[in-house]
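Novice: The structure file my_file.cif (mmCIF, C-alpha atoms and all ligand atoms) is provided below.
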data_upload
#
loop_
_atom_site.group_PDB
_atom_site.id
_atom_site.type_symbol
_atom_site.label_atom_id
_atom_site.label_comp_id
_atom_site.auth_asym_id
_atom_site.auth_seq_id
_atom_site.Cartn_x
_atom_site.Cartn_y
_atom_site.Cartn_z
ATOM 1 C CA MET P 937 0.000 0.000 0.000
ATOM 2 C CA TYR P 938 1.300 3.446 -0.920
ATOM 3 C CA ILE P 939 -1.213 5.377 1.177
ATOM 4 C CA ALA P 940 -3.888 3.917 3.414
ATOM 5 C CA GLY P 941 -6.715 2.279 1.469
ATOM 6 C CA VAL P 942 -5.233 2.899 -1.973
ATOM 7 C CA THR P 943 -2.863 0.664 -3.920
ATOM 8 C CA GLU P 944 0.202 2.292 -5.458
ATOM 9 C CA ARG P 945 -1.250 1.702 -8.916
ATOM 10 C CA GLU P 946 -4.506 3.463 -7.952
ATOM 11 C CA PHE P 947 -2.492 6.293 -6.416
ATOM 12 C CA TRP P 948 -0.679 6.891 -9.707
ATOM 13 C CA ASN P 949 -3.804 6.661 -11.841
ATOM 14 C CA GLU P 950 -5.409 9.341 -9.697
ATOM 15 C CA ALA P 951 -2.269 11.483 -9.813
ATOM 16 C CA TYR P 952 -2.207 11.451 -13.636
ATOM 17 C CA LEU P 953 -5.936 12.230 -13.772
ATOM 18 C CA ARG P 954 -5.405 15.226 -11.469
ATOM 19 C CA GLU P 955 -2.296 16.561 -13.204
ATOM 20 C CA PRO P 956 -2.221 15.206 -16.758
ATOM 21 C CA HIS P 957 0.080 17.887 -18.154
ATOM 22 C CA THR P 958 2.575 17.932 -15.332
ATOM 23 C CA THR P 959 5.886 16.184 -15.744
ATOM 24 C CA MET P 960 5.987 14.140 -12.571
ATOM 25 C CA VAL P 961 9.714 14.532 -12.120
ATOM 26 C CA PRO P 962 11.873 16.890 -14.152
ATOM 27 C CA ASN P 963 14.590 14.641 -15.492
ATOM 28 C CA HIS P 964 18.027 16.119 -14.943
ATOM 29 C CA LEU P 965 19.890 12.867 -15.344
ATOM 30 C CA LEU P 966 18.981 11.035 -18.465
ATOM 31 C CA PRO P 967 20.479 13.060 -21.357
ATOM 32 C CA HIS P 968 23.930 13.166 -19.777
ATOM 33 C CA GLU P 969 23.886 9.509 -18.683
ATOM 34 C CA VAL P 970 23.014 8.050 -22.087
ATOM 35 C CA ALA P 971 25.064 10.437 -24.239
ATOM 36 C CA ALA P 972 28.012 8.041 -24.612
ATOM 37 C CA LEU P 973 25.948 4.929 -25.399
ATOM 38 C CA PRO P 974 25.386 3.656 -28.944
ATOM 39 C CA VAL P 975 21.731 4.229 -29.858
ATOM 40 C CA GLY P 976 19.570 1.077 -29.941
ATOM 41 C CA THR P 977 16.459 -0.269 -28.241
ATOM 42 C CA ALA P 978 15.400 1.146 -24.881
ATOM 43 C CA LEU P 979 12.887 0.150 -22.238
ATOM 44 C CA ASP P 980 11.509 2.779 -19.860
ATOM 45 C CA ILE P 981 10.190 1.042 -16.753
ATOM 46 C CA GLY P 982 7.501 2.967 -14.861
ATOM 47 C CA CYS P 983 7.449 5.377 -17.790
ATOM 48 C CA GLY P 984 4.755 7.646 -16.339
ATOM 49 C CA ASN P 985 3.539 10.224 -18.821
ATOM 50 C CA GLY P 986 6.463 9.474 -21.126
ATOM 51 C CA THR P 987 9.078 12.107 -20.305
ATOM 52 C CA ASN P 988 12.059 9.743 -20.540
ATOM 53 C CA ALA P 989 10.651 7.753 -23.436
ATOM 54 C CA LEU P 990 10.062 10.832 -25.558
ATOM 55 C CA GLY P 991 13.476 12.238 -24.675
ATOM 56 C CA LEU P 992 15.191 8.999 -25.717
ATOM 57 C CA ALA P 993 13.109 8.618 -28.878
ATOM 58 C CA ALA P 994 13.969 12.185 -29.892
ATOM 59 C CA ILE P 995 17.674 11.247 -30.001
ATOM 60 C CA GLY P 996 17.100 8.075 -32.009
ATOM 61 C CA TRP P 997 16.361 5.291 -29.508
ATOM 62 C CA LYS P 998 13.587 2.850 -30.367
ATOM 63 C CA VAL P 999 11.655 3.018 -27.116
ATOM 64 C CA THR P 1000 9.134 0.870 -25.273
ATOM 65 C CA GLY P 1001 7.555 2.309 -22.141
ATOM 66 C CA VAL P 1002 5.809 0.194 -19.505
ATOM 67 C CA ASP P 1003 3.620 1.486 -16.702
ATOM 68 C CA TRP P 1004 0.884 -0.189 -14.695
ATOM 69 C CA ALA P 1005 -1.184 3.007 -14.526
ATOM 70 C CA GLU P 1006 -3.373 3.136 -17.633
ATOM 71 C CA GLU P 1007 -3.769 6.914 -17.310
ATOM 72 C CA ALA P 1008 0.010 7.266 -17.585
ATOM 73 C CA VAL P 1009 0.141 5.113 -20.705
ATOM 74 C CA PHE P 1010 -2.729 7.061 -22.267
ATOM 75 C CA LEU P 1011 -0.828 10.334 -21.723
ATOM 76 C CA ALA P 1012 2.455 8.878 -22.958
ATOM 77 C CA GLU P 1013 0.867 7.477 -26.131
ATOM 78 C CA ARG P 1014 -0.784 10.800 -26.887
ATOM 79 C CA ALA P 1015 2.464 12.706 -26.314
ATOM 80 C CA ALA P 1016 4.403 10.315 -28.588
ATOM 81 C CA PHE P 1017 1.778 10.651 -31.313
ATOM 82 C CA GLN P 1018 1.903 14.433 -31.107
ATOM 83 C CA ALA P 1019 5.714 14.450 -31.139
ATOM 84 C CA ARG P 1020 5.790 11.861 -33.996
ATOM 85 C CA VAL P 1021 8.512 9.823 -32.309
ATOM 86 C CA ASN P 1022 9.331 6.130 -32.307
ATOM 87 C CA ALA P 1023 7.902 5.053 -28.949
ATOM 88 C CA ARG P 1024 5.307 2.475 -27.956
ATOM 89 C CA PHE P 1025 3.763 1.830 -24.575
ATOM 90 C CA GLU P 1026 2.205 -1.026 -22.627
ATOM 91 C CA ILE P 1027 0.079 -1.206 -19.499
ATOM 92 C CA ALA P 1028 1.806 -3.802 -17.315
ATOM 93 C CA ASP P 1029 3.380 -4.514 -13.950
ATOM 94 C CA ALA P 1030 7.111 -4.031 -14.427
ATOM 95 C CA ALA P 1031 7.813 -6.749 -11.857
ATOM 96 C CA THR P 1032 6.330 -9.443 -14.102
ATOM 97 C CA TRP P 1033 6.241 -8.030 -17.659
ATOM 98 C CA SER P 1034 7.991 -10.464 -19.952
ATOM 99 C CA GLY P 1035 8.759 -8.102 -22.853
ATOM 100 C CA GLY P 1036 10.061 -9.363 -26.172
ATOM 101 C CA THR P 1037 13.600 -9.107 -27.493
ATOM 102 C CA PRO P 1038 15.938 -7.943 -24.694
ATOM 103 C CA PHE P 1039 16.807 -4.249 -24.699
ATOM 104 C CA ASP P 1040 20.128 -2.424 -25.132
ATOM 105 C CA LEU P 1041 19.158 0.087 -22.458
ATOM 106 C CA VAL P 1042 16.730 -0.142 -19.549
ATOM 107 C CA VAL P 1043 15.941 3.008 -17.575
ATOM 108 C CA CYS P 1044 13.929 3.182 -14.386
ATOM 109 C CA THR P 1045 13.687 6.631 -12.845
ATOM 110 C CA PHE P 1046 11.782 7.327 -9.636
ATOM 111 C CA ALA P 1047 9.575 4.333 -10.327
ATOM 112 C CA LEU P 1048 10.692 1.627 -7.898
ATOM 113 C CA PRO P 1049 8.037 0.628 -5.392
ATOM 114 C CA ALA P 1050 9.228 0.489 -1.802
ATOM 115 C CA GLY P 1051 10.831 -2.590 -0.277
ATOM 116 C CA GLY P 1052 10.353 -6.076 -1.677
ATOM 117 C CA ALA P 1053 8.281 -4.939 -4.633
ATOM 118 C CA GLY P 1054 11.216 -2.809 -5.801
ATOM 119 C CA ALA P 1055 13.484 -5.850 -5.670
ATOM 120 C CA SER P 1056 11.094 -7.737 -7.969
ATOM 121 C CA VAL P 1057 11.157 -4.884 -10.496
ATOM 122 C CA ILE P 1058 14.966 -4.803 -10.469
ATOM 123 C CA ARG P 1059 15.169 -8.583 -10.868
ATOM 124 C CA ASN P 1060 12.919 -8.362 -13.908
ATOM 125 C CA THR P 1061 14.952 -5.443 -15.252
ATOM 126 C CA ARG P 1062 18.068 -7.622 -15.336
ATOM 127 C CA ARG P 1063 16.163 -10.274 -17.284
ATOM 128 C CA LEU P 1064 15.002 -7.740 -19.868
ATOM 129 C CA LEU P 1065 18.526 -6.488 -20.584
ATOM 130 C CA ALA P 1066 20.500 -7.730 -23.616
ATOM 131 C CA PRO P 1067 24.067 -8.995 -23.051
ATOM 132 C CA GLY P 1068 26.272 -5.893 -22.997
ATOM 133 C CA GLY P 1069 23.222 -3.715 -22.322
ATOM 134 C CA THR P 1070 23.065 -0.903 -19.771
ATOM 135 C CA VAL P 1071 20.653 -0.320 -16.926
ATOM 136 C CA LEU P 1072 20.207 3.128 -15.406
ATOM 137 C CA ILE P 1073 18.292 3.468 -12.147
ATOM 138 C CA ALA P 1074 17.590 6.754 -10.367
ATOM 139 C CA GLU P 1075 15.688 6.949 -7.104
ATOM 140 C CA TRP P 1076 15.072 9.413 -4.303
ATOM 141 C CA ASP P 1077 17.955 8.793 -1.949
ATOM 142 C CA ARG P 1078 17.266 7.439 1.527
ATOM 143 C CA SER P 1079 18.526 10.739 3.007
ATOM 144 C CA MET P 1080 15.300 12.336 1.677
ATOM 145 C CA SER P 1081 13.334 10.376 4.288
ATOM 146 C CA GLN P 1082 14.066 13.101 6.850
ATOM 147 C CA PRO P 1083 12.840 16.210 4.950
ATOM 148 C CA TRP P 1084 9.901 14.263 3.525
ATOM 149 C CA ASN P 1085 9.057 12.430 6.719
ATOM 150 C CA PHE P 1086 9.148 9.044 4.999
ATOM 151 C CA ARG P 1087 10.187 5.807 6.629
ATOM 152 C CA PRO P 1088 13.804 5.151 5.511
ATOM 153 C CA CYS P 1089 12.798 1.704 4.224
ATOM 154 C CA GLU P 1090 10.551 3.390 1.641
ATOM 155 C CA LEU P 1091 13.563 4.931 -0.125
ATOM 156 C CA TYR P 1092 16.799 3.565 -1.620
ATOM 157 C CA ASP P 1093 20.534 4.060 -1.436
ATOM 158 C CA PRO P 1094 23.232 3.044 -3.947
ATOM 159 C CA ALA P 1095 24.402 -0.019 -1.997
ATOM 160 C CA THR P 1096 20.885 -1.446 -1.756
ATOM 161 C CA ILE P 1097 20.307 -1.144 -5.495
ATOM 162 C CA VAL P 1098 23.747 -2.562 -6.350
ATOM 163 C CA SER P 1099 23.043 -5.559 -4.096
ATOM 164 C CA MET P 1100 20.008 -6.304 -6.275
ATOM 165 C CA LEU P 1101 22.158 -6.385 -9.429
ATOM 166 C CA PRO P 1102 24.493 -9.331 -8.864
ATOM 167 C CA ASP P 1103 26.713 -10.337 -11.796
ATOM 168 C CA MET P 1104 26.455 -6.879 -13.322
ATOM 169 C CA GLU P 1105 29.382 -4.548 -13.987
ATOM 170 C CA VAL P 1106 28.670 -1.422 -11.954
ATOM 171 C CA HIS P 1107 29.881 1.843 -13.504
ATOM 172 C CA THR P 1108 28.162 4.375 -11.238
ATOM 173 C CA ALA P 1109 26.720 3.992 -7.746
ATOM 174 C CA GLU P 1110 26.452 7.342 -6.028
ATOM 175 C CA VAL P 1111 24.266 9.938 -4.385
ATOM 176 C CA ARG P 1112 23.890 13.178 -6.333
ATOM 177 C CA HIS P 1113 22.805 16.407 -4.729
ATOM 178 C CA ILE P 1114 20.683 18.303 -7.262
ATOM 179 C CA PRO P 1115 20.181 21.926 -6.151
ATOM 180 C CA GLU P 1116 17.263 22.774 -8.460
ATOM 181 C CA MET P 1117 15.291 19.537 -8.595
ATOM 182 C CA PHE P 1118 11.831 20.997 -8.101
ATOM 183 C CA VAL P 1119 10.067 23.935 -9.669
ATOM 184 C CA ALA P 1120 8.412 26.558 -7.439
ATOM 185 C CA GLY P 1121 5.080 25.384 -6.063
ATOM 186 C CA ASP P 1122 5.896 21.669 -6.196
ATOM 187 C CA PRO P 1123 4.616 20.246 -2.887
ATOM 188 C CA ARG P 1124 7.790 18.152 -2.535
ATOM 189 C CA ALA P 1125 9.831 21.363 -2.315
ATOM 190 C CA ALA P 1126 8.571 22.464 1.112
ATOM 191 C CA HIS P 1127 12.128 21.838 2.405
ATOM 192 C CA GLY P 1128 13.718 23.685 -0.564
ATOM 193 C CA SER P 1129 14.198 23.041 -4.283
ATOM 194 C CA TRP P 1130 17.006 20.476 -3.804
ATOM 195 C CA ALA P 1131 16.945 16.702 -3.692
ATOM 196 C CA ASN P 1132 19.423 13.895 -3.159
ATOM 197 C CA VAL P 1133 19.161 11.221 -5.815
ATOM 198 C CA THR P 1134 20.660 7.728 -5.824
ATOM 199 C CA VAL P 1135 22.039 6.907 -9.265
ATOM 200 C CA VAL P 1136 23.176 3.437 -10.334
ATOM 201 C CA LYS P 1137 24.414 2.597 -13.811
ATOM 202 C CA ALA P 1138 25.521 -0.938 -14.624
ATOM 203 C CA SER P 1139 25.901 -3.225 -17.597
ATOM 204 C CA ARG P 1140 25.285 -6.896 -18.215
ATOM 205 C CA PRO P 1141 28.443 -8.669 -19.300
ATOM 206 C CA ALA P 1142 28.440 -9.309 -23.080
HETATM 207 C C1 LIG O 1201 7.274 9.165 -9.961
HETATM 208 S S1 LIG O 1201 6.562 8.386 -11.407
HETATM 209 C C2 LIG O 1201 8.010 8.445 -12.429
HETATM 210 C C3 LIG O 1201 7.695 8.520 -13.897
HETATM 211 C C4 LIG O 1201 8.913 8.599 -14.819
HETATM 212 N N1 LIG O 1201 9.754 7.412 -14.725
HETATM 213 C C5 LIG O 1201 9.741 9.836 -14.533
HETATM 214 O O1 LIG O 1201 10.909 9.726 -14.140
HETATM 215 O O2 LIG O 1201 9.212 10.935 -14.724
HETATM 216 C C6 LIG O 1201 6.475 6.631 -10.945
HETATM 217 C C7 LIG O 1201 5.811 5.772 -12.027
HETATM 218 O O3 LIG O 1201 6.135 4.400 -11.820
HETATM 219 C C8 LIG O 1201 4.993 3.621 -12.081
HETATM 220 N N2 LIG O 1201 5.186 2.326 -11.403
HETATM 221 C C9 LIG O 1201 5.493 2.104 -10.101
HETATM 222 N N3 LIG O 1201 5.578 0.777 -9.864
HETATM 223 C C10 LIG O 1201 5.322 0.145 -11.044
HETATM 224 C C11 LIG O 1201 5.251 -1.227 -11.436
HETATM 225 N N4 LIG O 1201 5.473 -2.227 -10.570
HETATM 226 N N5 LIG O 1201 4.965 -1.505 -12.727
HETATM 227 C C12 LIG O 1201 4.734 -0.512 -13.630
HETATM 228 N N6 LIG O 1201 4.768 0.806 -13.307
HETATM 229 C C13 LIG O 1201 5.060 1.131 -12.035
HETATM 230 C C14 LIG O 1201 3.847 4.463 -11.556
HETATM 231 O O4 LIG O 1201 2.584 4.082 -12.092
HETATM 232 C C15 LIG O 1201 4.291 5.859 -11.999
HETATM 233 O O5 LIG O 1201 3.804 6.171 -13.289
#
Mind turning this structure into C-alpha cells?
Specialist:
Amino acid sequence: MYIAGVTEREFWNEAYLREPHTTMVPNHLLPHEVAALPVGTALDIGCGNGTNALGLAAIGWKVTGVDWAEEAVFLAERAAFQARVNARFEIADAATWSGGTPFDLVVCTFALPAGGAGASVIRNTRRLLAPGGTVLIAEWDRSMSQPWNFRPCELYDPATIVSMLPDMEVHTAEVRHIPEMFVAGDPRAAHGSWANVTVVKASRPA
C-alpha cells in the first residue's frame, strides 16, 4: 500500500488524472547519462507520462515504455503521437512483464516501489537487458526520508540497489545532490528546491 486504502497503482492513476500535463519529475539525469551509449532499443520502466521515453526517442532510440497506470500510458501514447517519435507503450506490472527481445538500455527513474516490490522490479529489469546492455536506475535517496518524513525503508541508497544487481558490472553507484530539482510550487519542495538522488548505472556482461 502506498497510502492507506489505496494501492500504489490506484495512487498513480489518480495522480495522472489530477495533473495530466505535469511532468511528474523533471529529469536532470537522463540526457547526460546516455550520451556516450550507442543508440539502440530502450525500455523505460515505470514510464509515467512518457518524459524519458520521448526524450530517448527524440535522439534516435527505439523506445518501449511500460507502466501499470493506464492513465500514464494514455498520456504517454498521446504525447508520442503528437511528437511523432518512435515510442510504444504497454500497461503492465514491471515486476512481471515479460517483454520481447531484450533491450540495449533499460531506464527506471523514480519508479521503484518500496521494499520487496522494488526488488522484484529490479530482478525483472536484469532479465530484460540484452548482453552488454546498460541499466540506469535513479531513485530518491534514503537521506530524503528526513525532509519528507518518509520511513527510511521506503527509499533507496546506492548499496541497496547494487546488491540487487548481482553479476552486473557497476559503472556508477552514487548519491547526487541536485540543487534545483523541483520547480516553485511543487509540494515536494517544502524543504527547498534540492533533492538527493541515488544513481546506479551498470551493464550486463556481453
Ligand atoms: C514518480 S513516477 C516516475 C515517472 C517517470 N519514470 C519519470 O521519471 O518521470 C512513478 C511511475 O512508476 C509507475 N510504477 C510504479 N511501480 C510500477 C510497477 N510495478 N509496474 C509498472 N509501473 C510502475 C507508476 O505508475 C508511476 O507512473
Novice: Go through stretch 959-1000 of chain P residue by residue and, counting all atoms listed in the file, keep those with an atom at most 8 Å from stretch 1023-1045 of chain P; for each kept residue give the shortest atom pair and its distance in Å to one decimal, ordered by chain and increasing number, as a tab-separated table.
Specialist:
residue	atom	partner	partner_atom	distance
P:Gly976	CA	P:Asp1040	CA	6.0
P:Thr977	CA	P:Asp1040	CA	5.3
P:Ala978	CA	P:Leu1041	CA	4.6
P:Leu979	CA	P:Val1042	CA	4.7
P:Asp980	CA	P:Val1043	CA	5.0
P:Ile981	CA	P:Cys1044	CA	4.9
P:Gly982	CA	P:Cys1044	CA	6.4
P:Cys983	CA	P:Cys1044	CA	7.6
P:Ala989	CA	P:Ala1023	CA	6.7
P:Leu990	CA	P:Ala1023	CA	7.0
P:Ala993	CA	P:Ala1023	CA	6.3
P:Lys998	CA	P:Ala1023	CA	6.3
P:Val999	CA	P:Ala1023	CA	4.6
P:Thr1000	CA	P:Arg1024	CA	4.9
Novice: For C-alpha atoms, I'd like the residues from the last selection saved as a short mmCIF file (atom, residue, chain, number, x, y, z; two decimals), in the frame of the given file.
Specialist:
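Output saved as out31.cif:
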data_model
loop_
_atom_site.label_atom_id
_atom_site.label_comp_id
_atom_site.auth_asym_id
_atom_site.auth_seq_id
_atom_site.Cartn_x
_atom_site.Cartn_y
_atom_site.Cartn_z
CA GLY P 976 19.57 1.08 -29.94
CA THR P 977 16.46 -0.27 -28.24
CA ALA P 978 15.40 1.15 -24.88
CA LEU P 979 12.89 0.15 -22.24
CA ASP P 980 11.51 2.78 -19.86
CA ILE P 981 10.19 1.04 -16.75
CA GLY P 982 7.50 2.97 -14.86
CA CYS P 983 7.45 5.38 -17.79
CA ALA P 989 10.65 7.75 -23.44
CA LEU P 990 10.06 10.83 -25.56
CA ALA P 993 13.11 8.62 -28.88
CA LYS P 998 13.59 2.85 -30.37
CA VAL P 999 11.66 3.02 -27.12
CA THR P 1000 9.13 0.87 -25.27
#
Novice: Set the cut-off to 7 Å, count only C-alpha atoms and all ligand atoms, and list whatever residues fall near ligand LIG 1201 (chain O) as an MDAnalysis selection string.
Specialist: chainID P and resid 945 948:949 959:963 981:988 1002:1005 1008 1028:1031 1044:1049 1057
Novice: Identify all residues satisfying the PyMOL selection byres (((chain P and resi 1131) around 6) and not hetatm) in the given file; provide them as a VMD selection string.
Specialist: chain P and resid 1113 to 1114 1117 1130 1132
Novice: Quick check, in Å to one decimal: how far apart do atom CA of P:Thr1061 and atom CA of P:Val1135 lie?
Specialist: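 We find that atom CA of P:Thr1061 and atom CA of P:Val1135 lie 15.4 Å from each other.
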Novice: If we draw a sphere of 12 Å around (15.7, 11.7, 2.7), which residues have at least one atom in it when counting only C-alpha atoms? Please report them as a PyMOL selection string.
Specialist: chain P and resi 1075-1093+1111+1113+1124+1127+1130-1134
Novice: Taking the file as shown, what set of residues would the PyMOL selection byres (((chain P and resi 1136-1141) around 9) and not hetatm) give back, as a PyMOL selection string?
Specialist: chain P and resi 969+1041+1062+1065-1075+1094+1097-1098+1101+1103-1111+1134-1135+1142
Novice: Write to file, as a PDB file, in the coordinates of the input, the residues of the selection just made, with C-alpha atoms.
Specialist:
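Full text of out-v2.pdb as output:
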ATOM      1  CA  GLU P 969      23.886   9.509 -18.683  1.00  0.00           C
ATOM      2  CA  LEU P1041      19.158   0.087 -22.458  1.00  0.00           C
ATOM      3  CA  ARG P1062      18.068  -7.622 -15.336  1.00  0.00           C
ATOM      4  CA  LEU P1065      18.526  -6.488 -20.584  1.00  0.00           C
ATOM      5  CA  ALA P1066      20.500  -7.730 -23.616  1.00  0.00           C
ATOM      6  CA  PRO P1067      24.067  -8.995 -23.051  1.00  0.00           C
ATOM      7  CA  GLY P1068      26.272  -5.893 -22.997  1.00  0.00           C
ATOM      8  CA  GLY P1069      23.222  -3.715 -22.322  1.00  0.00           C
ATOM      9  CA  THR P1070      23.065  -0.903 -19.771  1.00  0.00           C
ATOM     10  CA  VAL P1071      20.653  -0.320 -16.926  1.00  0.00           C
ATOM     11  CA  LEU P1072      20.207   3.128 -15.406  1.00  0.00           C
ATOM     12  CA  ILE P1073      18.292   3.468 -12.147  1.00  0.00           C
ATOM     13  CA  ALA P1074      17.590   6.754 -10.367  1.00  0.00           C
ATOM     14  CA  GLU P1075      15.688   6.949  -7.104  1.00  0.00           C
ATOM     15  CA  PRO P1094      23.232   3.044  -3.947  1.00  0.00           C
ATOM     16  CA  ILE P1097      20.307  -1.144  -5.495  1.00  0.00           C
ATOM     17  CA  VAL P1098      23.747  -2.562  -6.350  1.00  0.00           C
ATOM     18  CA  LEU P1101      22.158  -6.385  -9.429  1.00  0.00           C
ATOM     19  CA  ASP P1103      26.713 -10.337 -11.796  1.00  0.00           C
ATOM     20  CA  MET P1104      26.455  -6.879 -13.322  1.00  0.00           C
ATOM     21  CA  GLU P1105      29.382  -4.548 -13.987  1.00  0.00           C
ATOM     22  CA  VAL P1106      28.670  -1.422 -11.954  1.00  0.00           C
ATOM     23  CA  HIS P1107      29.881   1.843 -13.504  1.00  0.00           C
ATOM     24  CA  THR P1108      28.162   4.375 -11.238  1.00  0.00           C
ATOM     25  CA  ALA P1109      26.720   3.992  -7.746  1.00  0.00           C
ATOM     26  CA  GLU P1110      26.452   7.342  -6.028  1.00  0.00           C
ATOM     27  CA  VAL P1111      24.266   9.938  -4.385  1.00  0.00           C
ATOM     28  CA  THR P1134      20.660   7.728  -5.824  1.00  0.00           C
ATOM     29  CA  VAL P1135      22.039   6.907  -9.265  1.00  0.00           C
ATOM     30  CA  ALA P1142      28.440  -9.309 -23.080  1.00  0.00           C
TER      31      ALA P1142
END
Novice: In Å, with one decimal, what is the gap from atom CA of P:Trp997 to atom CA of P:Val975?
Specialist: 5.5 Å
Novice: Could you state the separation of atom CA of P:Arg1112 and atom CA of P:Ser1129 in Å, given to one decimal place?
Specialist: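 Result for atom CA of P:Arg1112 versus atom CA of P:Ser1129: 14.0 Å, one decimal.
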Novice: Box time for stretch 1020-1035 of chain P: axis-aligned, enclosing all its listed atoms, 5 Å extra on each side; report centre and edge lengths in Å to one decimal, as AutoDock Vina command-line options.
Specialist:
--center_x 4.7 --center_y 0.7 --center_z -22.9 --size_x 19.3 --size_y 32.3 --size_z 32.1
